[in-house]
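Peer 1: Have a peek at query37.txt (compact mmCIF, C-alpha atoms and all ligand atoms).
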# COMPACT_ATOMS: atom_id res chain seq x y z
CA MET A 1 -29.74 27.70 0.96
CA GLY A 2 -27.83 24.64 -0.10
CA GLY A 3 -29.32 21.16 0.19
CA ALA A 4 -32.02 20.00 -2.20
CA GLY A 5 -32.22 20.84 -5.90
CA PRO A 6 -29.55 20.69 -8.57
CA ALA A 7 -25.94 21.21 -7.49
CA ILE A 8 -25.23 23.60 -10.36
CA VAL A 9 -27.53 25.70 -12.54
CA PHE A 10 -26.32 27.91 -15.40
CA GLU A 11 -29.00 30.14 -16.92
CA ASP A 12 -28.06 31.69 -20.26
CA VAL A 13 -24.47 32.24 -19.14
CA TRP A 14 -22.16 34.40 -21.22
CA LYS A 15 -18.50 34.97 -20.50
CA LEU A 16 -16.42 37.40 -22.51
CA TYR A 17 -12.73 37.81 -21.90
CA GLY A 18 -11.28 41.21 -22.73
CA SER A 19 -13.37 44.08 -24.09
CA GLY A 20 -14.14 45.93 -27.29
CA PRO A 21 -13.72 44.30 -30.68
CA ALA A 22 -11.05 41.96 -29.27
CA ALA A 23 -13.50 40.43 -26.79
CA SER A 24 -14.11 36.77 -27.54
CA PRO A 25 -17.00 34.93 -25.90
CA ALA A 26 -15.80 31.77 -24.13
CA LEU A 27 -19.41 30.96 -23.16
CA ARG A 28 -22.30 32.06 -25.39
CA GLY A 29 -25.56 31.51 -23.59
CA ALA A 30 -24.76 28.22 -21.88
CA SER A 31 -27.61 26.72 -19.84
CA LEU A 32 -27.16 23.54 -17.84
CA GLU A 33 -28.09 21.67 -14.69
CA VAL A 34 -25.95 19.25 -12.72
CA GLU A 35 -27.91 16.89 -10.51
CA SER A 36 -26.81 16.58 -6.88
CA GLY A 37 -24.90 13.47 -5.87
CA THR A 38 -23.93 12.51 -9.42
CA LEU A 39 -20.67 12.12 -11.29
CA THR A 40 -21.11 14.43 -14.29
CA ALA A 41 -18.72 14.92 -17.20
CA LEU A 42 -18.34 18.24 -18.98
CA LEU A 43 -17.29 17.11 -22.46
CA GLY A 44 -16.00 19.35 -25.22
CA PRO A 45 -13.08 20.03 -27.54
CA SER A 46 -10.23 22.38 -26.69
CA GLY A 47 -11.47 25.96 -26.45
CA SER A 48 -15.14 25.00 -25.98
CA GLY A 49 -15.35 26.70 -22.58
CA LYS A 50 -14.84 23.86 -20.07
CA THR A 51 -12.29 25.63 -17.86
CA THR A 52 -14.35 28.82 -18.02
CA ALA A 53 -17.45 26.90 -16.87
CA ILE A 54 -15.52 25.23 -14.03
CA PHE A 55 -14.15 28.61 -12.88
CA LEU A 56 -17.64 30.14 -12.87
CA ALA A 57 -19.10 27.16 -10.94
CA ALA A 58 -16.26 27.50 -8.42
CA GLY A 59 -16.90 31.21 -8.00
CA LEU A 60 -13.36 31.96 -9.15
CA ASP A 61 -14.90 34.28 -11.71
CA VAL A 62 -18.34 35.75 -12.49
CA PRO A 63 -20.25 35.65 -15.79
CA THR A 64 -20.54 38.66 -18.07
CA ARG A 65 -24.26 37.88 -18.32
CA GLY A 66 -26.63 35.23 -16.98
CA ARG A 67 -27.07 33.42 -13.67
CA VAL A 68 -24.87 30.85 -11.95
CA VAL A 69 -26.49 29.09 -8.97
CA VAL A 70 -24.36 26.57 -7.07
CA LEU A 71 -25.56 24.46 -4.12
CA GLY A 72 -28.53 26.80 -3.87
CA TRP A 73 -26.50 30.01 -3.69
CA GLU A 74 -26.53 32.54 -6.49
CA VAL A 75 -22.80 33.00 -7.04
CA SER A 76 -22.93 35.37 -10.02
CA GLY A 77 -22.86 38.99 -8.93
CA ARG A 78 -21.28 38.31 -5.52
CA SER A 79 -18.17 40.12 -4.33
CA GLU A 80 -14.80 38.45 -4.53
CA GLY A 81 -14.62 38.26 -0.72
CA TRP A 82 -17.99 36.55 -0.46
CA ARG A 83 -17.03 34.07 -3.16
CA ARG A 84 -13.70 33.30 -1.51
CA ARG A 85 -15.34 32.50 1.83
CA TRP A 86 -18.11 30.51 0.16
CA ARG A 87 -15.60 28.59 -1.96
CA ARG A 88 -13.51 27.67 1.06
CA GLU A 89 -16.54 26.01 2.66
CA ASN A 90 -18.15 24.39 -0.35
CA ILE A 91 -15.84 23.74 -3.26
CA GLY A 92 -12.93 21.41 -3.96
CA ILE A 93 -10.99 22.03 -7.16
CA VAL A 94 -8.50 19.95 -9.11
CA PHE A 95 -6.86 22.35 -11.55
CA GLN A 96 -5.89 21.48 -15.12
CA PHE A 97 -2.23 21.92 -14.10
CA PHE A 98 -2.15 20.46 -10.58
CA HIS A 99 -0.71 23.53 -8.76
CA LEU A 100 0.88 21.55 -5.92
CA VAL A 101 3.22 23.52 -3.65
CA PRO A 102 6.68 22.26 -4.74
CA THR A 103 8.38 22.90 -1.38
CA LEU A 104 5.84 20.82 0.56
CA THR A 105 5.52 17.03 0.67
CA ALA A 106 2.38 15.25 -0.54
CA LEU A 107 1.16 15.04 3.06
CA GLU A 108 1.94 18.71 3.76
CA ASN A 109 0.11 19.78 0.59
CA VAL A 110 -3.04 18.05 1.83
CA VAL A 111 -2.65 19.35 5.40
CA LEU A 112 -2.16 22.90 4.08
CA ALA A 113 -5.54 22.71 2.33
CA MET A 114 -7.15 21.86 5.69
CA GLU A 115 -5.38 24.76 7.36
CA ILE A 116 -6.59 27.16 4.67
CA ALA A 117 -10.14 25.83 5.09
CA GLY A 118 -9.85 26.44 8.84
CA ARG A 119 -10.29 22.80 9.85
CA PRO A 120 -9.38 22.06 13.47
CA ARG A 121 -5.71 21.28 13.99
CA ARG A 122 -6.50 18.00 15.72
CA GLY A 123 -6.83 15.09 13.35
CA ARG A 124 -5.53 16.94 10.29
CA VAL A 125 -2.59 14.61 9.69
CA GLU A 126 -4.71 11.47 10.22
CA ARG A 127 -7.34 12.74 7.81
CA ALA A 128 -4.66 13.70 5.25
CA LEU A 129 -3.16 10.21 5.50
CA GLU A 130 -6.61 8.68 4.99
CA LEU A 131 -7.05 10.74 1.84
CA LEU A 132 -3.62 9.73 0.55
CA GLU A 133 -4.60 6.14 1.28
CA PHE A 134 -7.80 6.70 -0.74
CA VAL A 135 -5.75 7.78 -3.78
CA GLY A 136 -3.22 4.97 -3.23
CA LEU A 137 -0.31 7.14 -2.11
CA ARG A 138 -0.04 6.65 1.63
CA GLY A 139 3.38 5.08 1.08
CA LYS A 140 4.59 8.23 -0.70
CA ALA A 141 3.21 10.79 1.74
CA ASP A 142 6.67 12.22 2.45
CA ARG A 143 7.68 12.70 -1.18
CA TYR A 144 7.90 16.14 -2.76
CA PRO A 145 5.89 16.76 -5.95
CA GLN A 146 8.98 16.54 -8.18
CA GLU A 147 9.65 13.08 -6.72
CA LEU A 148 6.23 11.88 -7.91
CA SER A 149 5.06 10.90 -11.39
CA GLY A 150 2.49 13.06 -13.20
CA GLY A 151 -0.27 10.60 -12.32
CA GLU A 152 0.77 10.55 -8.68
CA GLN A 153 0.85 14.36 -8.51
CA GLN A 154 -2.60 14.40 -10.05
CA ARG A 155 -3.85 12.05 -7.34
CA VAL A 156 -2.26 14.21 -4.60
CA ALA A 157 -4.14 17.16 -6.13
CA LEU A 158 -7.34 15.11 -5.85
CA ALA A 159 -6.63 14.24 -2.20
CA ARG A 160 -5.98 17.93 -1.54
CA ALA A 161 -9.24 18.98 -3.21
CA LEU A 162 -11.12 16.59 -0.91
CA ALA A 163 -9.27 17.73 2.23
CA HIS A 164 -12.10 19.90 3.58
CA ASP A 165 -14.80 17.41 2.54
CA PRO A 166 -16.52 19.75 0.05
CA PRO A 167 -20.09 19.04 -1.12
CA LEU A 168 -19.01 19.94 -4.68
CA LEU A 169 -15.79 18.73 -6.31
CA LEU A 170 -14.79 20.30 -9.64
CA ALA A 171 -11.98 18.66 -11.57
CA ASP A 172 -10.59 20.27 -14.74
CA GLU A 173 -9.06 17.68 -17.09
CA PRO A 174 -7.97 15.61 -14.09
CA THR A 175 -6.70 12.89 -16.42
CA ALA A 176 -4.69 15.03 -18.85
CA ASN A 177 -1.17 13.76 -19.56
CA LEU A 178 -1.81 10.38 -17.96
CA ASP A 179 -1.63 6.98 -19.60
CA TYR A 180 -4.91 5.18 -20.07
CA ALA A 181 -4.66 2.98 -16.98
CA ASN A 182 -4.07 6.05 -14.81
CA LYS A 183 -6.88 7.98 -16.53
CA LEU A 184 -9.32 5.19 -15.64
CA ARG A 185 -7.97 5.07 -12.10
CA VAL A 186 -8.60 8.80 -11.58
CA VAL A 187 -12.16 8.54 -12.99
CA GLU A 188 -12.76 5.57 -10.66
CA LEU A 189 -11.63 7.70 -7.71
CA LEU A 190 -13.96 10.51 -8.84
CA ARG A 191 -16.79 7.98 -8.98
CA GLU A 192 -16.02 6.87 -5.42
CA ALA A 193 -15.90 10.50 -4.29
CA ALA A 194 -19.38 11.17 -5.76
CA GLY A 195 -22.60 10.29 -3.96
CA ARG A 196 -23.35 10.39 -0.24
CA GLY A 197 -24.12 14.08 -0.53
CA ARG A 198 -21.22 14.96 -2.79
CA THR A 199 -21.47 16.03 -6.42
CA VAL A 200 -18.46 15.61 -8.71
CA VAL A 201 -18.00 17.32 -12.08
CA PHE A 202 -15.02 16.69 -14.32
CA ALA A 203 -14.06 18.38 -17.58
CA THR A 204 -12.62 16.25 -20.35
CA HIS A 205 -12.26 16.18 -24.13
CA ASP A 206 -12.24 12.35 -24.08
CA GLU A 207 -15.59 10.79 -25.10
CA LYS A 208 -14.67 7.41 -23.68
CA LEU A 209 -13.79 8.79 -20.25
CA ALA A 210 -16.90 10.97 -20.25
CA SER A 211 -19.02 7.88 -20.83
CA ALA A 212 -17.93 6.59 -17.41
CA ALA A 213 -19.95 9.40 -15.80
CA ASP A 214 -23.61 9.19 -14.76
CA ARG A 215 -24.36 12.10 -17.05
CA VAL A 216 -22.55 13.94 -19.84
CA ILE A 217 -22.98 17.63 -20.63
CA ARG A 218 -21.60 18.57 -24.04
CA LEU A 219 -20.07 21.95 -24.72
CA VAL A 220 -19.43 23.15 -28.26
CA ASP A 221 -18.26 26.72 -28.91
CA GLY A 222 -19.43 27.94 -25.52
CA ARG A 223 -22.91 26.44 -25.81
CA VAL A 224 -24.45 23.31 -24.33
CA VAL A 225 -25.66 20.93 -27.02
CA GLU A 226 -27.89 17.88 -26.79
CA ALA A 227 -26.16 14.52 -26.98
N1 LIG B 301 -8.07 34.66 -19.78
C1 LIG B 301 -8.49 34.60 -21.05
N2 LIG B 301 -8.42 35.67 -21.88
C2 LIG B 301 -8.86 35.61 -23.14
N3 LIG B 301 -9.43 34.53 -23.68
C3 LIG B 301 -9.54 33.43 -22.92
C4 LIG B 301 -9.07 33.40 -21.56
N4 LIG B 301 -9.33 32.17 -21.06
C5 LIG B 301 -9.90 31.46 -22.05
N5 LIG B 301 -10.05 32.22 -23.17
C6 LIG B 301 -10.67 31.79 -24.42
O1 LIG B 301 -11.96 31.30 -24.14
C7 LIG B 301 -12.26 30.13 -24.88
C8 LIG B 301 -12.61 28.99 -23.94
O2 LIG B 301 -11.46 28.67 -23.15
P1 LIG B 301 -11.47 27.54 -22.03
O3 LIG B 301 -10.16 27.59 -21.36
O4 LIG B 301 -12.68 27.70 -21.19
O5 LIG B 301 -11.64 26.24 -22.95
P2 LIG B 301 -11.44 24.69 -22.58
O6 LIG B 301 -12.64 23.98 -23.10
O7 LIG B 301 -11.11 24.55 -21.14
O8 LIG B 301 -10.18 24.28 -23.48
P3 LIG B 301 -9.00 23.18 -23.17
O9 LIG B 301 -9.63 21.84 -23.48
O10 LIG B 301 -7.95 23.54 -24.18
O11 LIG B 301 -8.56 23.33 -21.77
C9 LIG B 301 -11.04 29.87 -25.75
O12 LIG B 301 -11.30 30.40 -27.03
C10 LIG B 301 -9.93 30.64 -25.07
O13 LIG B 301 -8.99 31.09 -26.02
MG MG B 302 -9.45 23.87 -20.10
Give the structure from the file, written as structure tokens.
Ligand SMILES: Nc1ncnc2c1ncn2[C@@H]1O[C@H](COP(=O)(O)OP(=O)(O)OP(=O)(O)O)[C@@H](O)[C@H]1O
Ligand SMILES: [Mg+2]

Peer 2:
Amino acid sequence: MGGAGPAIVFEDVWKLYGSGPAASPALRGASLEVESGTLTALLGPSGSGKTTAIFLAAGLDVPTRGRVVVLGWEVSGRSEGWRRRWRRENIGIVFQFFHLVPTLTALENVVLAMEIAGRPRRGRVERALELLEFVGLRGKADRYPQELSGGEQQRVALARALAHDPPLLLADEPTANLDYANKLRVVELLREAAGRGRTVVFATHDEKLASAADRVIRLVDGRVVEA
């Protein structure tokens, strides 16, 4: 389990939200492979299924039909408890809307992620400071989220997602609502985070940003299309 082979495999994945006639497929037979160690962009317009695909790859949800294999583990069909434990070990996520804890400082947000992942108490603060240094925010470690700009909050969310050193980092529109300079900066950080045994996937609707990735996977209407 884990190790060699593609980081993510989707085989004919369908995801329907709701049921009966109101059910709308967010993914309609999507098949894809993400190569290990790469920076891969998931490109598609609003509503094409990017967030759904990220959630399935993270084991936050399971497909209605089809297989999802991540880091060598078949994630589809597993119980919620299994997926939660597996996710804690293997997955870092940057959500579309950062989800920082507003009552904790930047540093505390990153340290909390290590606590949740069960990392040893010793060295947590040092490691969190290193990560904040990596995203250029060591000097603002003691600020609360509302005292940070949108771009800075986004970078704290990235530091937090890397806190437990996950082999797979999934970032959903990590550059949304940022100006272009900050967008490029975040993609540059994702590039640095990829490689050396770590795979990074980011969802975006921006062609130009996607082109900064090693590989682009295009989603249209819940299906993967050739470039
Ligand atoms: N919880 C839900 N219940 C019902 N429909 C949903 C739900 N989540 C998403 N959908 C629908 O599934 C489709 C795909 O949504 P998804 O969020 O995956 O798209 P996206 O590519 O991430 O879009 P965006 O770029 O706007 O974030 C959309 O038609 C959306 O309306
Ligand atoms: Mg989305």

Peer 1: Neighbours of ligand MG 302 (chain B) within 12 Å, counting all atoms listed in the file, as a count of residues only?

Peer 2: 30

Peer 1: Between A:Glu192, A:Ala212, A:Phe134, A:Asp206, which residue has the minimum interatomic distance to ligand LIG 301 (chain B), considering only C-alpha atoms and all ligand atoms?

Peer 2: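 The closest residue to ligand LIG 301 (chain B) is A:Asp206.
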
Peer 1: So, counting all atoms listed in the file, which residue among A:Arg191, A:Arg28, A:Arg155, A:Arg138 is closest to ligand LIG 301 (chain B)?

Peer 2: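 The answer is A:Arg28, which sits nearest to ligand LIG 301 (chain B).
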
Peer 1: Just how far from atom CA of Asp12 of chain A is atom CA of Ala30 of chain A, in Å to one decimal?

Peer 2: 5.1 Å

Peer 1: With distances taken over all atoms listed in the file, which residue among A:Glu108, A:Asp61, A:Asp142, A:Glu11 lies nearest ligand LIG 301 (chain B)?

Peer 2: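 Checking each of A:Glu108, A:Asp61, A:Asp142, A:Glu11 against ligand LIG 301 (chain B), counting all atoms listed in the file, the winner is A:Asp61.
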
Peer 1: Record the distance separating atom O3 of ligand LIG 301 (chain B) and atom CA of Tyr17 of chain A, expressed in Å with one decimal.

Peer 2: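 We find that atom O3 of ligand LIG 301 (chain B) and atom CA of Tyr17 of chain A lie 10.6 Å from each other.
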
Peer 1: Rank A:Glu80, A:Asp214, A:Asp221, A:Glu226 by their smallest atom-to-atom distance to Ser36 of chain A, using only C-alpha atoms, and report the top residue only.

Peer 2: A:Asp214

Peer 1: Excluding Arg119 of chain A and any residue of its chain fewer than 5 positions from it, enumerate the residues within 8 Å of it, using all atoms listed in the file, and give them as an MDAnalysis selection string.

Peer 2: chainID A and resid 114 124 164

Peer 1: Go ahead and write the selection's residues with C-alpha atoms as a PDB file, in the frame of the given file.

Peer 2:
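Ended up saving to out14.pdb:
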ATOM      1  CA  MET A 114      -7.150  21.860   5.690  1.00  0.00           C
ATOM      2  CA  ARG A 124      -5.530  16.940  10.290  1.00  0.00           C
ATOM      3  CA  HIS A 164     -12.100  19.900   3.580  1.00  0.00           C
TER       4      HIS A 164
END

Peer 1: Report, in Å with one decimal, the straight-line distance from atom CA of Val225 of chain A to atom CA of Ser31 of chain A.

Peer 2: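 For atom CA of Val225 of chain A relative to atom CA of Ser31 of chain A, the distance reads 9.4 Å.
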
Peer 1: For Ala57 of chain A, please output as a short mmCIF file (atom, residue, chain, number, x, y, z; two decimals) with C-alpha atoms, in the frame of the given file all residues within 8 Å (counting all atoms listed in the file; exclusion window: fewer than 6 positions along the same chain).

Peer 2:
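Dumped everything to result-v1.cif:
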data_model
loop_
_atom_site.label_atom_id
_atom_site.label_comp_id
_atom_site.auth_asym_id
_atom_site.auth_seq_id
_atom_site.Cartn_x
_atom_site.Cartn_y
_atom_site.Cartn_z
CA ILE A 8 -25.23 23.60 -10.36
CA VAL A 68 -24.87 30.85 -11.95
CA VAL A 69 -26.49 29.09 -8.97
CA VAL A 70 -24.36 26.57 -7.07
CA VAL A 75 -22.80 33.00 -7.04
#

Peer 1: Between A:Trp86, A:Phe10, A:Tyr144, A:Tyr180, which one has atoms that come closest to Pro167 of chain A, using only C-alpha atoms?

Peer 2: A:Trp86

Peer 1: Here is a test: counting all atoms listed in the file, which residue of A:Gly92, A:Gly81, A:Pro6, A:Gly72 is nearest to Leu190 of chain A?

Peer 2: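 Once distances to Leu190 of chain A are computed over all atoms listed in the file, the minimum belongs to A:Gly92.
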
Peer 1: As a list in words, please: the residues near Val62 of chain A (cut-off 7 Å, all atoms listed in the file, same-chain neighbours under 3 positions excluded).

Peer 2: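 Listed by chain and then number, they are Leu56, Gly59, Ser76 and Gly77 of chain A.
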
Peer 1: Got a sec: who's within 10 Å of Arg88 of chain A, counting only C-alpha atoms, leaving out chain neighbours fewer than 4 positions off, as a list in words?

Peer 2: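 So the residues in contact are Ala58, Arg83, Arg84, Gly92, Ala113, Met114, Ile116, Ala117, Gly118, His164 and Pro166 of chain A.
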
Peer 1: Keeping only C-alpha atoms, write the selected residues as an mmCIF file, in the coordinates of the input.

Peer 2:
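Final output, again-v2.cif:
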data_model
loop_
_atom_site.group_PDB
_atom_site.id
_atom_site.type_symbol
_atom_site.label_atom_id
_atom_site.label_comp_id
_atom_site.auth_asym_id
_atom_site.auth_seq_id
_atom_site.Cartn_x
_atom_site.Cartn_y
_atom_site.Cartn_z
ATOM 1 C CA ALA A 58 -16.260 27.500 -8.420
ATOM 2 C CA ARG A 83 -17.030 34.070 -3.160
ATOM 3 C CA ARG A 84 -13.700 33.300 -1.510
ATOM 4 C CA GLY A 92 -12.930 21.410 -3.960
ATOM 5 C CA ALA A 113 -5.540 22.710 2.330
ATOM 6 C CA MET A 114 -7.150 21.860 5.690
ATOM 7 C CA ILE A 116 -6.590 27.160 4.670
ATOM 8 C CA ALA A 117 -10.140 25.830 5.090
ATOM 9 C CA GLY A 118 -9.850 26.440 8.840
ATOM 10 C CA HIS A 164 -12.100 19.900 3.580
ATOM 11 C CA PRO A 166 -16.520 19.750 0.050
#

Peer 1: Please provide as a list in words all residues within 9 Å of Val135 of chain A, with the sequence filter that same-chain residues fewer than 2 positions apart are discarded (counting only C-alpha atoms).

Peer 2: Glu130, Leu131, Leu132, Glu133, Leu137, Arg138, Glu152, Arg155, Val156, Leu158, Ala159, Val186 and Leu189 of chain A

Peer 1: Mind listing whatever residues come within 10 Å of the point (-24.6, 18.0, -3.9)? Use all atoms listed in the file, file coordinates, and give them as JSON, numbers by chain.

Peer 2: {"A": [2, 3, 4, 5, 6, 7, 8, 34, 35, 36, 37, 38, 70, 71, 72, 90, 166, 167, 168, 169, 194, 195, 196, 197, 198, 199, 200]}

Peer 1: Please enclose the listed atoms of segment 177-189 of chain A in an axis-aligned box, pad each side by 6 Å, and write out the centre and the three edge lengths in Å, rounded to one decimal, as lines of an AutoDock Vina configuration file.

Peer 2:
center_x = -7.0
center_y = 8.4
center_z = -13.9
size_x = 23.6
size_y = 22.8
size_z = 24.4

Peer 1: As a JSON list (two decimals), in the coordinates of the input, please: segment 39-52 of chain A completed to N, CA and C atoms.

Peer 2:
[["chain", "number", "residue", "atom", "x", "y", "z"],
["A", 39, "LEU", "N", -21.95, 11.88, -10.62],
["A", 39, "LEU", "CA", -20.67, 12.12, -11.29],
["A", 39, "LEU", "C", -21.04, 12.59, -12.70],
["A", 40, "THR", "N", -20.73, 13.84, -13.00],
["A", 40, "THR", "CA", -21.11, 14.43, -14.29],
["A", 40, "THR", "C", -19.86, 14.84, -15.05],
["A", 41, "ALA", "N", -19.84, 14.52, -16.36],
["A", 41, "ALA", "CA", -18.72, 14.92, -17.20],
["A", 41, "ALA", "C", -19.10, 16.13, -18.03],
["A", 42, "LEU", "N", -18.19, 17.08, -18.11],
["A", 42, "LEU", "CA", -18.34, 18.24, -18.98],
["A", 42, "LEU", "C", -17.43, 17.95, -20.17],
["A", 43, "LEU", "N", -18.05, 17.60, -21.30],
["A", 43, "LEU", "CA", -17.29, 17.11, -22.46],
["A", 43, "LEU", "C", -17.25, 18.16, -23.56],
["A", 44, "GLY", "N", -16.08, 18.41, -24.10],
["A", 44, "GLY", "CA", -16.00, 19.35, -25.22],
["A", 44, "GLY", "C", -14.58, 19.47, -25.72],
["A", 45, "PRO", "N", -14.42, 19.89, -26.98],
["A", 45, "PRO", "CA", -13.08, 20.03, -27.54],
["A", 45, "PRO", "C", -12.32, 21.20, -26.91],
["A", 46, "SER", "N", -11.05, 21.29, -27.20],
["A", 46, "SER", "CA", -10.23, 22.38, -26.69],
["A", 46, "SER", "C", -10.83, 23.72, -27.10],
["A", 47, "GLY", "N", -10.95, 24.63, -26.15],
["A", 47, "GLY", "CA", -11.47, 25.96, -26.45],
["A", 47, "GLY", "C", -12.99, 26.06, -26.37],
["A", 48, "SER", "N", -13.67, 24.98, -26.00],
["A", 48, "SER", "CA", -15.14, 25.00, -25.98],
["A", 48, "SER", "C", -15.71, 25.69, -24.74],
["A", 49, "GLY", "N", -14.87, 25.97, -23.75],
["A", 49, "GLY", "CA", -15.35, 26.70, -22.58],
["A", 49, "GLY", "C", -15.40, 25.90, -21.29],
["A", 50, "LYS", "N", -14.77, 24.74, -21.26],
["A", 50, "LYS", "CA", -14.84, 23.86, -20.07],
["A", 50, "LYS", "C", -14.21, 24.52, -18.84],
["A", 51, "THR", "N", -12.98, 25.01, -19.00],
["A", 51, "THR", "CA", -12.29, 25.63, -17.86],
["A", 51, "THR", "C", -13.05, 26.88, -17.40],
["A", 52, "THR", "N", -13.55, 27.64, -18.35],
["A", 52, "THR", "CA", -14.35, 28.82, -18.02],
["A", 52, "THR", "C", -15.56, 28.42, -17.18]]
